[in-house]
$ cat my_file_24.cif   # mmCIF, C-alpha atoms
data_start
loop_
_atom_site.label_atom_id
_atom_site.label_comp_id
_atom_site.auth_asym_id
_atom_site.auth_seq_id
_atom_site.Cartn_x
_atom_site.Cartn_y
_atom_site.Cartn_z
CA MET A 1 38.28 -15.71 -11.54
CA LYS A 2 35.38 -14.58 -13.68
CA THR A 3 35.36 -17.76 -15.73
CA PHE A 4 35.51 -19.79 -12.52
CA ALA A 5 32.47 -17.96 -11.21
CA LEU A 6 30.69 -18.48 -14.51
CA ILE A 7 31.44 -22.21 -14.47
CA THR A 8 30.18 -22.46 -10.88
CA VAL A 9 26.98 -20.63 -11.71
CA LEU A 10 26.40 -22.73 -14.81
CA LEU A 11 27.01 -25.96 -12.91
CA LEU A 12 24.71 -24.94 -10.09
CA GLY A 13 22.03 -23.78 -12.52
CA GLY A 14 22.32 -27.05 -14.41
CA LEU A 15 21.95 -29.01 -11.19
CA LEU A 16 18.85 -27.00 -10.29
CA PHE A 17 17.37 -27.61 -13.72
CA TYR A 18 18.22 -31.30 -13.39
CA GLY A 19 16.33 -31.40 -10.10
CA THR A 20 13.26 -29.54 -11.38
CA PRO A 21 11.38 -32.56 -12.85
CA ASP A 22 11.37 -34.19 -9.43
CA PHE A 23 9.15 -31.48 -8.02
CA PRO A 24 5.52 -32.44 -7.47
CA ASP A 25 2.99 -31.02 -9.89
CA TRP A 26 1.30 -27.71 -9.26
CA GLY A 27 -1.45 -28.23 -6.69
CA ASP A 28 -0.82 -31.95 -6.45
CA PRO A 29 -2.81 -33.29 -3.48
CA ALA A 30 -0.32 -36.15 -3.08
CA SER A 31 2.69 -33.85 -2.77
CA PRO A 32 4.58 -33.97 0.54
CA ALA A 33 3.64 -30.39 1.39
CA SER A 34 -0.08 -31.16 1.41
CA LEU A 35 0.07 -34.55 3.09
CA HIS A 36 1.08 -34.08 6.71
CA VAL A 37 -0.37 -31.15 8.60
CA SER A 38 -2.02 -29.04 5.90
CA PRO A 39 -5.21 -31.15 5.68
CA TYR A 40 -5.53 -30.98 9.46
CA TYR A 41 -5.24 -27.16 9.43
CA ILE A 42 -7.70 -26.81 6.59
CA GLU A 43 -10.26 -29.12 8.17
CA HIS A 44 -9.93 -28.20 11.84
CA ALA A 45 -8.81 -24.57 12.01
CA VAL A 46 -12.29 -23.09 12.36
CA GLU A 47 -13.57 -25.58 14.92
CA ASP A 48 -10.33 -25.47 16.90
CA THR A 49 -9.80 -21.73 17.07
CA ALA A 50 -12.97 -20.02 15.77
CA VAL A 51 -10.82 -18.04 13.35
CA PRO A 52 -12.15 -17.99 9.78
CA ASN A 53 -8.81 -16.92 8.32
CA ILE A 54 -6.77 -20.11 8.36
CA VAL A 55 -3.55 -18.26 7.66
CA THR A 56 -3.89 -16.31 10.89
CA ALA A 57 -4.77 -19.46 12.82
CA VAL A 58 -1.68 -21.24 11.52
CA LEU A 59 0.56 -18.22 11.95
CA ALA A 60 -0.32 -17.22 15.48
CA ASP A 61 -1.72 -20.40 17.00
CA TYR A 62 -0.52 -23.66 15.48
CA ARG A 63 2.87 -22.23 14.66
CA GLY A 64 2.93 -19.46 17.24
CA TYR A 65 6.40 -20.47 18.35
CA ASP A 66 7.74 -19.70 14.89
CA THR A 67 6.05 -16.31 14.77
CA MET A 68 7.36 -15.46 18.22
CA PHE A 69 10.90 -15.73 16.96
CA GLU A 70 10.02 -13.77 13.82
CA THR A 71 8.99 -10.96 16.13
CA ALA A 72 12.23 -11.41 18.05
CA VAL A 73 14.15 -11.18 14.75
CA ILE A 74 12.49 -7.87 13.95
CA PHE A 75 13.21 -6.61 17.45
CA SER A 76 16.87 -7.58 17.18
CA ALA A 77 17.07 -5.89 13.76
CA GLY A 78 15.94 -2.66 15.40
CA ILE A 79 18.44 -3.10 18.23
CA ALA A 80 21.24 -3.91 15.78
CA CYS A 81 20.52 -0.78 13.78
CA LEU A 82 20.61 1.19 17.01
CA PHE A 83 23.98 -0.26 18.01
CA LEU A 84 25.48 0.28 14.56
CA LEU A 85 24.32 3.80 13.91
CA ARG A 86 23.50 5.61 17.11
CA VAL A 87 25.94 8.36 18.08
CA TYR A 88 25.59 9.74 21.57
CA ARG A 89 28.37 12.29 21.53
CA ARG A 90 27.02 15.76 21.00
CA LYS A 91 28.88 18.00 18.64
CA SER A 92 28.13 21.58 19.53
CA ALA A 93 30.25 23.03 16.75
CA ARG A 94 27.38 22.74 14.33
CA THR A 95 25.66 25.91 13.33
CA ARG A 96 21.97 26.06 13.86
CA LEU A 97 19.30 27.62 11.73
CA TYR A 98 16.20 29.28 13.06
CA ARG A 99 13.24 30.58 11.16
CA HIS A 100 11.25 33.58 12.25
CA ASN A 101 7.76 32.28 11.78
CA LEU A 102 6.05 35.57 11.03
CA THR A 103 8.40 36.90 8.38
CA GLY A 104 10.05 33.72 7.12
CA VAL A 105 13.52 35.15 7.72
CA THR A 106 16.14 32.51 8.49
CA LEU A 107 18.75 33.19 11.16
CA ARG A 108 22.04 31.35 11.29
CA ILE A 109 23.51 31.02 14.77
CA ALA A 110 27.14 30.03 14.74
CA LYS A 111 27.93 28.98 18.28
CA GLY A 112 26.44 29.07 21.70
CA GLY A 113 23.28 30.88 20.82
CA LYS A 114 20.30 28.99 22.06
CA LEU A 115 16.65 29.59 21.71
CA PRO A 116 14.56 30.09 24.84
CA GLU A 117 12.33 27.11 25.37
CA GLY A 118 8.80 27.37 24.11
CA SER A 119 9.36 30.32 21.86
CA ALA A 120 6.51 30.67 19.42
CA GLU A 121 8.19 33.24 17.19
CA PHE A 122 11.22 31.21 16.18
CA GLU A 123 11.44 27.65 15.02
CA ARG A 124 14.53 25.54 14.61
CA ILE A 125 14.99 24.17 11.09
CA ASP A 126 17.32 21.64 9.53
CA SER A 127 20.50 22.95 7.98
CA VAL A 128 20.51 20.80 4.86
CA TRP A 129 16.88 20.47 4.03
CA VAL A 130 14.53 23.29 4.80
CA PRO A 131 11.01 22.27 4.01
CA TYR A 132 8.45 24.91 4.55
CA ASP A 133 5.56 23.46 2.71
CA MET A 134 2.07 24.05 3.93
CA ILE A 135 0.51 21.75 1.33
CA ILE A 136 2.49 18.71 2.41
CA LYS A 137 2.04 19.42 6.11
CA VAL A 138 -1.70 19.89 5.84
CA THR A 139 -2.15 16.82 3.65
CA SER A 140 -0.17 14.60 5.95
CA ARG A 141 -2.04 15.95 8.95
CA LEU A 142 -5.23 14.98 7.14
CA ILE A 143 -4.02 11.54 6.10
CA VAL A 144 -2.13 10.35 9.18
CA PRO A 145 -5.17 9.70 11.43
CA PHE A 146 -6.86 7.65 8.72
CA VAL A 147 -3.71 5.64 8.13
CA GLN A 148 -3.41 4.93 11.84
CA LEU A 149 -7.06 3.94 12.06
CA PHE A 150 -6.60 1.63 9.11
CA ALA A 151 -3.55 0.11 10.77
CA LEU A 152 -5.54 -0.68 13.90
CA TYR A 153 -8.26 -2.15 11.71
CA VAL A 154 -5.74 -4.37 9.94
CA ILE A 155 -4.36 -5.60 13.27
CA ALA A 156 -7.77 -6.25 14.80
CA HIS A 157 -9.30 -7.73 11.68
CA GLY A 158 -6.59 -10.29 11.02
CA HIS A 159 -8.97 -13.00 12.18
CA HIS A 160 -11.36 -12.46 9.31
CA SER A 161 -9.42 -10.96 6.43
CA PRO A 162 -5.83 -10.66 5.26
CA GLY A 163 -3.94 -8.70 7.85
CA GLY A 164 -2.53 -9.11 11.31
CA GLY A 165 0.20 -7.73 13.47
CA PHE A 166 3.01 -7.48 10.96
CA GLN A 167 1.03 -5.68 8.28
CA GLY A 168 -0.83 -3.42 10.67
CA GLY A 169 2.37 -2.56 12.53
CA VAL A 170 4.09 -1.60 9.31
CA ILE A 171 1.18 0.63 8.31
CA PHE A 172 1.17 2.28 11.73
CA GLY A 173 4.92 2.84 11.54
CA ALA A 174 4.52 4.30 8.07
CA ALA A 175 2.00 6.79 9.43
CA ILE A 176 4.48 8.01 12.03
CA ILE A 177 7.27 8.11 9.43
CA LEU A 178 5.00 10.17 7.18
CA TYR A 179 4.49 12.60 10.03
CA ALA A 180 8.25 12.80 10.59
CA LEU A 181 8.88 13.32 6.88
CA SER A 182 6.34 16.07 6.42
CA ASN A 183 7.37 17.93 9.55
CA ASP A 184 10.80 17.25 10.95
CA LEU A 185 12.53 14.78 13.19
CA ARG A 186 12.30 16.86 16.35
CA ARG A 187 8.55 17.22 16.02
CA ALA A 188 8.24 13.48 15.55
CA PHE A 189 10.30 12.94 18.70
CA ARG A 190 7.76 15.02 20.56
CA ARG A 191 5.08 12.52 19.54
CA LEU A 192 7.08 9.31 19.88
CA SER A 193 10.48 9.65 21.44
CA GLU A 194 13.34 7.29 20.83
CA LYS A 195 13.03 5.84 24.30
CA ALA A 196 9.31 5.27 23.86
CA ALA A 197 9.87 3.54 20.53
CA LEU A 198 12.47 1.20 21.96
CA LEU A 199 10.36 0.44 25.01
CA ALA A 200 7.37 -0.26 22.79
CA SER A 201 9.34 -2.64 20.61
CA ALA A 202 10.54 -4.53 23.66
CA ALA A 203 7.03 -4.47 25.14
CA GLY A 204 5.60 -6.00 21.99
CA VAL A 205 7.94 -8.97 22.21
CA LEU A 206 7.22 -9.16 25.93
CA ILE A 207 3.47 -9.35 25.31
CA TYR A 208 4.02 -12.27 22.95
CA VAL A 209 6.40 -14.19 25.17
CA GLY A 210 4.42 -13.28 28.27
CA THR A 211 1.25 -14.75 26.80
CA GLY A 212 3.14 -17.95 26.11
CA LEU A 213 4.58 -18.04 29.61
CA LEU A 214 1.17 -17.34 31.13
CA CYS A 215 -0.19 -20.39 29.32
CA LEU A 216 2.73 -22.37 30.68
CA LEU A 217 2.07 -21.15 34.21
CA LEU A 218 -1.62 -22.02 33.95
CA GLY A 219 -0.73 -25.59 33.24
CA GLY A 220 -0.75 -25.88 29.47
CA ASN A 221 1.89 -25.94 26.81
CA PHE A 222 3.81 -22.84 25.81
CA LEU A 223 1.49 -20.62 23.73
CA ASP A 224 -1.49 -22.91 24.28
CA TYR A 225 -4.07 -20.13 24.44
CA SER A 226 -6.94 -22.39 25.50
CA MET A 227 -5.49 -22.22 29.02
CA LEU A 228 -6.51 -18.55 29.12
CA ALA A 229 -10.20 -19.47 28.95
CA GLU A 230 -10.94 -18.83 32.60
CA MET A 231 -9.04 -15.60 32.64
CA LEU A 232 -10.91 -14.29 29.58
CA HIS A 233 -14.30 -15.68 30.74
CA THR A 234 -14.87 -17.70 27.59
CA ASP A 235 -14.65 -21.29 26.47
CA ALA A 236 -11.44 -22.88 25.25
CA ILE A 237 -12.08 -22.30 21.54
CA MET A 238 -12.85 -18.60 21.86
CA ALA A 239 -9.87 -18.29 24.19
CA ARG A 240 -7.62 -19.42 21.36
CA SER A 241 -9.18 -16.77 19.13
CA HIS A 242 -8.64 -14.06 21.74
CA GLY A 243 -5.13 -15.31 22.42
CA ILE A 244 -4.32 -14.82 18.76
CA LEU A 245 -5.55 -11.23 19.01
CA ILE A 246 -3.39 -10.54 22.10
CA VAL A 247 -0.36 -11.94 20.35
CA GLU A 248 -1.08 -9.95 17.19
CA ILE A 249 -1.26 -6.75 19.22
CA GLY A 250 2.19 -7.54 20.60
CA VAL A 251 3.52 -8.17 17.11
CA GLY A 252 2.00 -4.95 15.83
CA LEU A 253 3.49 -2.92 18.66
CA ALA A 254 6.95 -4.39 18.11
CA VAL A 255 6.90 -3.95 14.34
CA MET A 256 5.60 -0.39 14.55
CA ALA A 257 8.22 0.68 17.06
CA VAL A 258 11.06 -1.00 15.18
CA MET A 259 10.03 0.65 11.90
CA VAL A 260 10.00 4.05 13.55
CA SER A 261 13.29 3.59 15.36
CA LEU A 262 14.94 2.35 12.15
CA TYR A 263 13.73 5.50 10.43
CA TYR A 264 15.00 7.71 13.24
CA ASN A 265 18.46 6.14 13.09
CA LEU A 266 18.81 5.96 9.33
CA SER A 267 17.46 9.41 8.48
CA SER A 268 19.68 11.29 10.91
CA ALA A 269 22.73 8.97 10.64
CA GLY A 270 22.28 8.09 14.30
CA ARG A 271 22.62 11.64 15.61
CA HIS A 272 18.92 12.28 16.14
CA ASP A 273 19.26 16.02 15.84
CA GLU A 274 18.46 16.80 12.24
CA GLY A 275 16.85 14.43 9.83
CA LEU A 276 14.90 14.39 6.64
CA MET B 1 -29.63 -3.90 -17.39
CA GLY B 2 -27.88 -3.64 -20.72
CA VAL B 3 -27.37 0.10 -20.40
CA TYR B 4 -26.02 -0.37 -16.88
CA ASN B 5 -23.44 -2.91 -18.04
CA LEU B 6 -22.50 -0.67 -20.95
CA LEU B 7 -21.92 2.21 -18.55
CA VAL B 8 -19.67 0.06 -16.36
CA ILE B 9 -17.74 -1.18 -19.38
CA PHE B 10 -17.39 2.36 -20.72
CA LEU B 11 -16.01 3.64 -17.41
CA LEU B 12 -13.61 0.72 -17.09
CA VAL B 13 -12.32 1.09 -20.64
CA SER B 14 -11.89 4.82 -20.25
CA GLY B 15 -9.99 4.19 -17.02
CA LEU B 16 -7.69 1.80 -18.86
CA PHE B 17 -7.29 4.39 -21.60
CA PHE B 18 -6.20 7.03 -19.08
CA PHE B 19 -3.73 4.63 -17.46
CA PHE B 20 -2.33 3.70 -20.87
CA ALA B 21 -2.01 7.34 -21.90
CA GLY B 22 -0.29 8.07 -18.61
CA ALA B 23 2.24 5.30 -19.20
CA VAL B 24 2.90 6.53 -22.74
CA GLY B 25 3.26 10.07 -21.44
CA ILE B 26 5.82 9.04 -18.80
CA LEU B 27 7.88 7.40 -21.52
CA ARG B 28 7.51 10.08 -24.15
CA PHE B 29 7.67 13.41 -22.35
CA PRO B 30 11.00 15.19 -22.53
CA ASP B 31 12.01 15.90 -18.92
CA PHE B 32 11.43 15.23 -15.24
CA TYR B 33 8.85 17.93 -14.62
CA SER B 34 6.72 17.27 -17.67
CA ARG B 35 6.79 13.53 -16.99
CA LEU B 36 5.16 14.16 -13.63
CA HIS B 37 2.24 15.67 -15.47
CA PRO B 38 0.93 12.38 -16.93
CA ALA B 39 2.12 10.45 -13.88
CA GLY B 40 0.07 12.57 -11.50
CA LYS B 41 -2.98 13.56 -13.47
CA LEU B 42 -3.74 10.63 -15.70
CA ASP B 43 -3.23 8.05 -12.98
CA THR B 44 -5.64 9.91 -10.75
CA MET B 45 -8.19 10.19 -13.54
CA GLY B 46 -7.77 6.57 -14.57
CA LEU B 47 -8.18 5.46 -10.99
CA PHE B 48 -11.26 7.64 -10.64
CA THR B 49 -13.07 6.19 -13.65
CA SER B 50 -12.09 2.58 -13.05
CA MET B 51 -13.03 2.79 -9.38
CA MET B 52 -16.35 4.37 -10.34
CA ALA B 53 -16.90 1.41 -12.63
CA MET B 54 -16.16 -1.00 -9.79
CA ALA B 55 -18.41 0.86 -7.38
CA LEU B 56 -21.24 0.82 -9.91
CA TRP B 57 -20.68 -2.86 -10.55
CA VAL B 58 -20.78 -3.65 -6.85
CA VAL B 59 -24.09 -1.86 -6.30
CA HIS B 60 -25.48 -4.02 -9.06
CA GLU B 61 -27.48 -5.72 -6.35
CA TRP B 62 -28.89 -3.09 -4.06
CA THR B 63 -28.06 -4.39 -0.57
CA LEU B 64 -26.55 -2.69 2.44
CA GLY B 65 -23.30 -4.67 2.18
CA ALA B 66 -22.90 -3.78 -1.48
CA ILE B 67 -23.50 -0.11 -0.78
CA LEU B 68 -20.91 -0.14 2.00
CA THR B 69 -18.39 -1.79 -0.31
CA ALA B 70 -19.08 0.83 -2.96
CA LEU B 71 -18.58 3.58 -0.40
CA LYS B 72 -15.24 2.05 0.60
CA ILE B 73 -14.18 2.01 -3.06
CA LEU B 74 -15.15 5.68 -3.34
CA LEU B 75 -13.11 6.34 -0.20
CA ILE B 76 -10.04 5.03 -2.04
CA VAL B 77 -10.75 7.58 -4.77
CA ALA B 78 -11.08 10.36 -2.21
CA PHE B 79 -7.75 9.51 -0.58
CA VAL B 80 -5.95 9.25 -3.89
CA PHE B 81 -7.44 12.59 -4.92
CA ILE B 82 -5.87 14.14 -1.84
CA THR B 83 -2.52 12.37 -1.82
CA SER B 84 -1.59 12.05 -5.49
CA PRO B 85 -1.37 15.80 -6.25
CA THR B 86 0.49 16.31 -2.98
CA ALA B 87 3.01 13.64 -3.91
CA THR B 88 3.52 15.23 -7.33
CA HIS B 89 3.92 18.60 -5.67
CA ALA B 90 6.53 17.22 -3.28
CA ILE B 91 8.48 15.58 -6.09
CA VAL B 92 8.50 18.78 -8.16
CA ASP B 93 9.57 20.69 -5.07
CA ALA B 94 12.46 18.29 -4.53
CA GLY B 95 13.50 18.69 -8.16
CA VAL B 96 13.52 22.47 -7.89
CA ARG B 97 15.51 22.35 -4.66
CA ALA B 98 18.01 19.97 -6.21
CA GLY B 99 18.54 22.52 -8.97
CA LEU B 100 17.13 20.67 -11.95
CA LEU B 101 16.25 23.11 -14.70
CA PRO B 102 13.10 22.58 -16.73
CA TRP B 103 13.43 21.49 -20.32
CA ALA B 104 13.17 24.15 -23.01
CA LYS B 105 12.63 23.60 -26.70
CA ASP B 106 16.07 24.86 -27.68
CA SER B 107 17.94 22.78 -25.08
CA ARG B 108 20.90 21.16 -26.79
CA GLU B 109 21.64 18.22 -24.57
CA ASP B 110 19.08 15.52 -23.94
CA PRO B 111 17.90 15.86 -20.35
CA THR B 112 16.87 12.81 -18.43
#

$ encode --input "my_file_24.cif" --output "structure tokens"
Amino acid sequence: MKTFALITVLLLGGLLFYGTPDFPDWGDPASPASLHVSPYYIEHAVEDTAVPNIVTAVLADYRGYDTMFETAVIFSAGIACLFLLRVYRRKSARTRLYRHNLTGVTLRIAKGGKLPEGSAEFERIDSVWVPYDMIIKVTSRLIVPFVQLFALYVIAHGHHSPGGGFQGGVIFGAAIILYALSNDLRRAFRRLSEKAALLASAAGVLIYVGTGLLCLLLGGNFLDYSMLAEMLHTDAIMARSHGILIVEIGVGLAVMAVMVSLYYNLSSAGRHDEGL
Amino acid sequence: MGVYNLLVIFLLVSGLFFFFAGAVGILRFPDFYSRLHPAGKLDTMGLFTSMMAMALWVVHEWTLGAILTALKILLIVAFVFITSPTATHAIVDAGVRAGLLPWAKDSREDPT
């Protein structure tokens, strides 16, 4: 079996090597990739969409249909992870640990004992991993707002510099994951619950598809943002630019929420009670 | 202008030196905890000097845009100064919790 696999790999590799000379040269202007639509994008992107960053114009305007389904793929990845991992059955047999905040003493409650809500003296802690680290908490509290601000900047500035919804959404999700890592899962749920994360991921895709449908209803093609000109009180070119921004916000929302919900499910093995 | 360029070159080269020493230290130090020492400190220092060099090079022409860019570069330094020691601290903490003992000179077996 091993020799068979080796022969297959060698044959396939040889075929690939055999095909390599037929590739066009590096940066060849006569290559098929730079003949059909690329010159049009390069020459007309700015006057068509008023977006200096051609990559963003291609991604969210000329090929917006493609990007819409990329967003849908990310959304379905989050949903798939939820279906695979999420456990809804509560197991009450687990012992719980509580820390007395003033003295640092840890209490272990075997069964039934429950903390009164809103108690400031005791705090529930994870049973496997008990971080009580002021340095990490304070640092992450300091860093998280800046990371979030930077994420919003990356989303909003995708027109002019590298960035956009995917990158900004990932950075925003990373900020929330950092908060959940430095504190604990329950505290992160208080900021962004599971339901809110899932709703936000669906809402992001909805914003994207809804923009496309709105263009369709206003008489244009699907995702033809120039139809939004009257609604946005601008001309058709600026409307395409603004449409890209709307779509990028949807992408960012979806990516952020999916990142966070993936983290919630993976870190707690779907139980959502104790995590990293 | 010659002295200015020399200063930038000196800072850049010293930054590269710190990065190089950090890489050598990560490879050469005997155990987990001592390896974090070059990883945390020398990277921060190397980043500091090389970013200072870049900031100085950017304010070569004294315009508002250049100054803003230099300030952004210095902001990177500030964030790394806050986060890098914290990350090292967290890694050491995780090692202690996982029960890894520090290396001593008379340790028989080769720790990784």

$ closest_atom_pairs --input "my_file_24.cif" --of "chain B" --to "chain A" --cutoff "8 Å" --atoms "only C-alpha atoms" --output "Markdown table"
| residue | atom | partner | partner_atom | distance |
| --- | --- | --- | --- | --- |
| B:Phe79 | CA | A:Ile143 | CA | 7.9 |
| B:Ile82 | CA | A:Thr139 | CA | 7.2 |
| B:Thr83 | CA | A:Thr139 | CA | 7.1 |
| B:Thr86 | CA | A:Ile136 | CA | 6.2 |
| B:Ala90 | CA | A:Ile136 | CA | 7.1 |

$ resolve_selection --input "my_file_24.cif" --expression "the PyMOL selection byres ((chain B and resi 81) around 12)" --output "number ranges by chain"
A: 139, 143; B: 40-48, 74-80, 82-88

$ write_last_selection --input "my_file_24.cif" --atoms "C-alpha atoms" --output "mmCIF file, keeping the file's coordinate frame"
data_model
loop_
_atom_site.group_PDB
_atom_site.id
_atom_site.type_symbol
_atom_site.label_atom_id
_atom_site.label_comp_id
_atom_site.auth_asym_id
_atom_site.auth_seq_id
_atom_site.Cartn_x
_atom_site.Cartn_y
_atom_site.Cartn_z
ATOM 1 C CA THR A 139 -2.150 16.820 3.650
ATOM 2 C CA ILE A 143 -4.020 11.540 6.100
ATOM 3 C CA GLY B 40 0.070 12.570 -11.500
ATOM 4 C CA LYS B 41 -2.980 13.560 -13.470
ATOM 5 C CA LEU B 42 -3.740 10.630 -15.700
ATOM 6 C CA ASP B 43 -3.230 8.050 -12.980
ATOM 7 C CA THR B 44 -5.640 9.910 -10.750
ATOM 8 C CA MET B 45 -8.190 10.190 -13.540
ATOM 9 C CA GLY B 46 -7.770 6.570 -14.570
ATOM 10 C CA LEU B 47 -8.180 5.460 -10.990
ATOM 11 C CA PHE B 48 -11.260 7.640 -10.640
ATOM 12 C CA LEU B 74 -15.150 5.680 -3.340
ATOM 13 C CA LEU B 75 -13.110 6.340 -0.200
ATOM 14 C CA ILE B 76 -10.040 5.030 -2.040
ATOM 15 C CA VAL B 77 -10.750 7.580 -4.770
ATOM 16 C CA ALA B 78 -11.080 10.360 -2.210
ATOM 17 C CA PHE B 79 -7.750 9.510 -0.580
ATOM 18 C CA VAL B 80 -5.950 9.250 -3.890
ATOM 19 C CA ILE B 82 -5.870 14.140 -1.840
ATOM 20 C CA THR B 83 -2.520 12.370 -1.820
ATOM 21 C CA SER B 84 -1.590 12.050 -5.490
ATOM 22 C CA PRO B 85 -1.370 15.800 -6.250
ATOM 23 C CA THR B 86 0.490 16.310 -2.980
ATOM 24 C CA ALA B 87 3.010 13.640 -3.910
ATOM 25 C CA THR B 88 3.520 15.230 -7.330
#

$ resolve_selection --input "my_file_24.cif" --expression "the PyMOL selection byres ((chain A and resi 243) around 10)" --output "list in words"
Thr49, Ala60, Asp61, Tyr208, Thr211, Gly212, Cys215, Leu223, Asp224, Tyr225, Ser226, Met227, Leu228, Ala229, Leu232, Ile237, Met238, Ala239, Arg240, Ser241, His242, Ile244, Leu245, Ile246, Val247, Glu248 and Ile249 of chain A

$ resolve_selection --input "my_file_24.cif" --expression "the PyMOL selection byres ((chain A and resi 252) around 9)" --output "MDAnalysis selection string"
chainID A and resid 152 155 164:170 172 204 247:251 253:257

$ residues_around --input "my_file_24.cif" --residues "Asn5 (chain B)" --least-positions-apart "4" --cutoff "10 Å" --atoms "only C-alpha atoms" --output "PyMOL selection string"
chain B and resi 1+9-11+53+56-57+60

$ atom_distance --input "my_file_24.cif" --atom1 "CA of Ile91 (chain B)" --atom2 "CA of Trp103 (chain B)"
16.2 Å

$ closest_residue --input "my_file_24.cif" --among "B:Ile73, B:Glu61, B:Leu36, B:Phe19" --to "Asp93 (chain B)" --atoms "all atoms listed in the file"
B:Leu36

$ closest_residue --input "my_file_24.cif" --among "B:Gly2, B:Val92, B:Tyr33, B:Leu27" --to "Ala104 (chain B)" --atoms "all atoms listed in the file"
B:Tyr33

$ atom_distance --input "my_file_24.cif" --atom1 "CA of Leu262 (chain A)" --atom2 "CA of Leu97 (chain A)"
25.6 Å
